[in-house]
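Everything on this sheet refers to the single structure shown next.
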Amino acid sequence: MAKRDYYEVLGVSKGASADELKKAYRTKAKELHPDRNSDNPNAESQFKEVNEAYDCLKDPEKKAAYDRYGHAAFDGGMGGPRGGGAGYQGQGDFASAFSDVFDDLFGDFMGGRGGGGGRSRAARGADLRYNLRITLEEAYAGMAKTINVPSSVQCDGCDGSGAEGGAEPTTCPTCSGMGKVRAQQGFFTVERTCPTCGGLGQIIKNPCKKCGGSGRTERERSLSVNIPSGVETGTRIRLAGEGEAGMRGGPAGDLYIFIDVQEHPIFQRESVNLHCRVPVSVTSAALGGDIEVPTIDGGRSRVKIPAGSQSGRQMRLRGKGMPPLRGSGHGDMFIELAVETPVNLTSKQKELLREFEKLSEDNNPESKSFFGSVKDFWDSMKG
């Protein structure tokens with residue numbers, strides 16, 4: 001059976017460009033792939049016919065010979081190449097053709113090359129981390145804080161293109177814009193990053209002198225960060241697009257700010273609640289009274305101490321704690337009393353305390369009996 005015209009097989013005109021040929025080939029290859037046409041017995045032969053046609057027409061030398069002599073150019077009778085031309089589908093050519101189809105069918109789902117043929121290979125910039133240390137008061141109130149972040153920014157000399165004067169990069173001649181090259185090893189095709197363009201698919205003939213062709217430079221930037229009230233240590237704030245600039249005009253990464261809340265000299269934080277220890281005199285603890293305690297909002301609150309309070313007693317001030325990061329209201333503030341023992345007593349104070357102790361024993365015989373028993377025990381131990 002006579003072979004069909006290769007242009008007819010691909011459904012293009014004889015003057016079709018390389019891009020038109022490639023587009024037509026991929027469309028036909030997807031349409032006729034045997035895996036998609038299990039109910040069509042002719043699909044495999046038609047698929048091979050499409051591969052054969054494109055293998056010839058994608059090569060400028062083979063295409064020129066075919067345009068001049070037709071199929072006879074590869075039969076050996078017209079001086080054309082024999083065996084290795086369009087009439088011969090070798091392992092390397094078939095693997096290359098099949099890989100093209102596989103890329104087109106599954107590339108979008110598997111993170112494929114995405115763009116060939118000179119399409120932009122700009123790479124996304126890296127994400128950055130910034131550790132921000134704030135006070136407990138700042139975490140309570142929330143604030144806008146200015147930070148200085150050293151990072152890569154888009155080069156203003158080439159507008160991120162990497163080329164001097166903002167000229168457009170050209171398609172890499174080694175990989176034809178694919179960013180990868182293939183090498184045949186037996187039946188298998190090994191693919192690796194293109195050594196000429198580093199996987200970008202493009203090269204810059206005249207690199208920008210300011211950035212060396214990368215499209216970005218190093219600079220410290222000042223950014224305003226909104227710290228919401230209620231943040232805790234470990235809270236992460238994301239600033240989209242404030243990371244490193246991408247290579248050759250690619251999108252910037254993100255900036256992640258990690259909050260570290262300093263320890264407070266008075267308050268200990270437990271989620272939205274605050275705890276603090278308040279010293280009180282023996283007299284206030286015994287007789288009761290009022291004391292003033294500081295609060296995290298910078299104010300002061302009056303607290304009533306019940307008579308006979310002991311060290312470790314806790315009292316609650318509702319709504320005087322921290323606000324939640326998400327939600328409304330405030331936590332509570334818990335006050336723990338610490339009764340202070342007086343020191344550096346004068347003679348008069350000591351005399352009054354002894355009198356107080358004697359009166360306590362007289363008013364509480366059980367207590368006197370207890371302490372007397374303790375004294376007898378220690379006397380017996382000394383003996």
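Residues in the structure tokens are numbered from 1 in each chain, the chains being A, B, ... in the order shown, and ligands are numbered from 1 in the order shown.
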Among region 171-279 of chain A, which residues carry a DSSP assignment of strand (DSSP E), reported as a PyMOL selection string?
chain A and resi 171+180-185+188-193+202-203+216-227+236-239+255-261+268-270+273-279
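Listed by chain and then by rising number, the residues of region 106-348 of chain A that DSSP assigns to alpha helix (DSSP H) from the backbone are Phe106, Leu136, Glu137, Glu138, Ala139, Tyr140, Ala141, Val282, Thr283, Ser284, Ala285, Ala286, Leu287, Ser347 and Lys348 of chain A.
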I'd like the contact shell of region 294-298 of chain A - 12 Å cut-off, only C-alpha atoms, skipping same-chain residues fewer than 5 positions apart - returned as a ChimeraX atom specification.
/A:135-142,229,264-269,272-278,303,317-323,330-335
Between CA of Ser281 (chain A) and CA of Arg354 (chain A), what is the spacing in Å?
18.0 Å
Pick from A:Lys205, A:Lys30, A:Arg302, A:Arg313 nearest to Ala163 (chain A), counting only C-alpha atoms:
A:Lys205
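We find CA of Ile134 (chain A) and CA of Asp260 (chain A) to be spaced 6.3 Å apart.
Here CA of Asp59 (chain A) and CA of Gly177 (chain A) stand 16.0 Å from one another.
Minimum atom-to-atom distance to Arg221 (chain A), evaluated using only C-alpha atoms, belongs to A:Thr146 out of A:Leu325, A:Thr235, A:Val190, A:Thr146.
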Show which residues sit within 9 Å of region 211-214 of chain A, as number ranges by chain. Count only C-alpha atoms, and ignore same-chain residues fewer than 6 positions away.
A: 155, 157-158, 160-164, 204, 246-249
File of the preceding selection, C-alpha atoms, as a PDB file, in the first residue's frame:
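Contents of the output file again-v2.pdb:
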ATOM      1  CA  CYS A 155      16.820  43.567  39.491  1.00  0.00           C
ATOM      2  CA  GLY A 157      18.494  47.140  35.762  1.00  0.00           C
ATOM      3  CA  CYS A 158      16.780  44.481  33.626  1.00  0.00           C
ATOM      4  CA  GLY A 160      13.989  40.769  36.286  1.00  0.00           C
ATOM      5  CA  SER A 161      14.648  39.379  32.795  1.00  0.00           C
ATOM      6  CA  GLY A 162      18.383  38.887  33.397  1.00  0.00           C
ATOM      7  CA  ALA A 163      19.250  40.379  30.002  1.00  0.00           C
ATOM      8  CA  GLU A 164      21.044  43.671  29.533  1.00  0.00           C
ATOM      9  CA  ILE A 204      20.768  35.050  27.754  1.00  0.00           C
ATOM     10  CA  GLY A 246      12.136  34.488  41.406  1.00  0.00           C
ATOM     11  CA  MET A 247      14.839  33.794  38.854  1.00  0.00           C
ATOM     12  CA  ARG A 248      14.491  35.779  35.613  1.00  0.00           C
ATOM     13  CA  GLY A 249      11.199  37.416  36.472  1.00  0.00           C
TER      14      GLY A 249
END
Shell of 9 Å around Asp156 (chain A), only C-alpha atoms, local chain residues under 5 positions omitted, as JSON, numbers by chain:
{"A": [210, 215, 216, 217]}
Deliver the residues from the most recent selection as a file, using C-alpha atoms, as a tab-separated table (two decimals), in the first residue's frame.
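Result saved to selection-v8.tsv:
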chain	number	residue	atom	x	y	z
A	210	LYS	CA	24.01	44.41	37.58
A	215	GLY	CA	17.31	38.76	37.26
A	216	ARG	CA	17.63	39.60	40.97
A	217	THR	CA	19.93	41.37	43.42
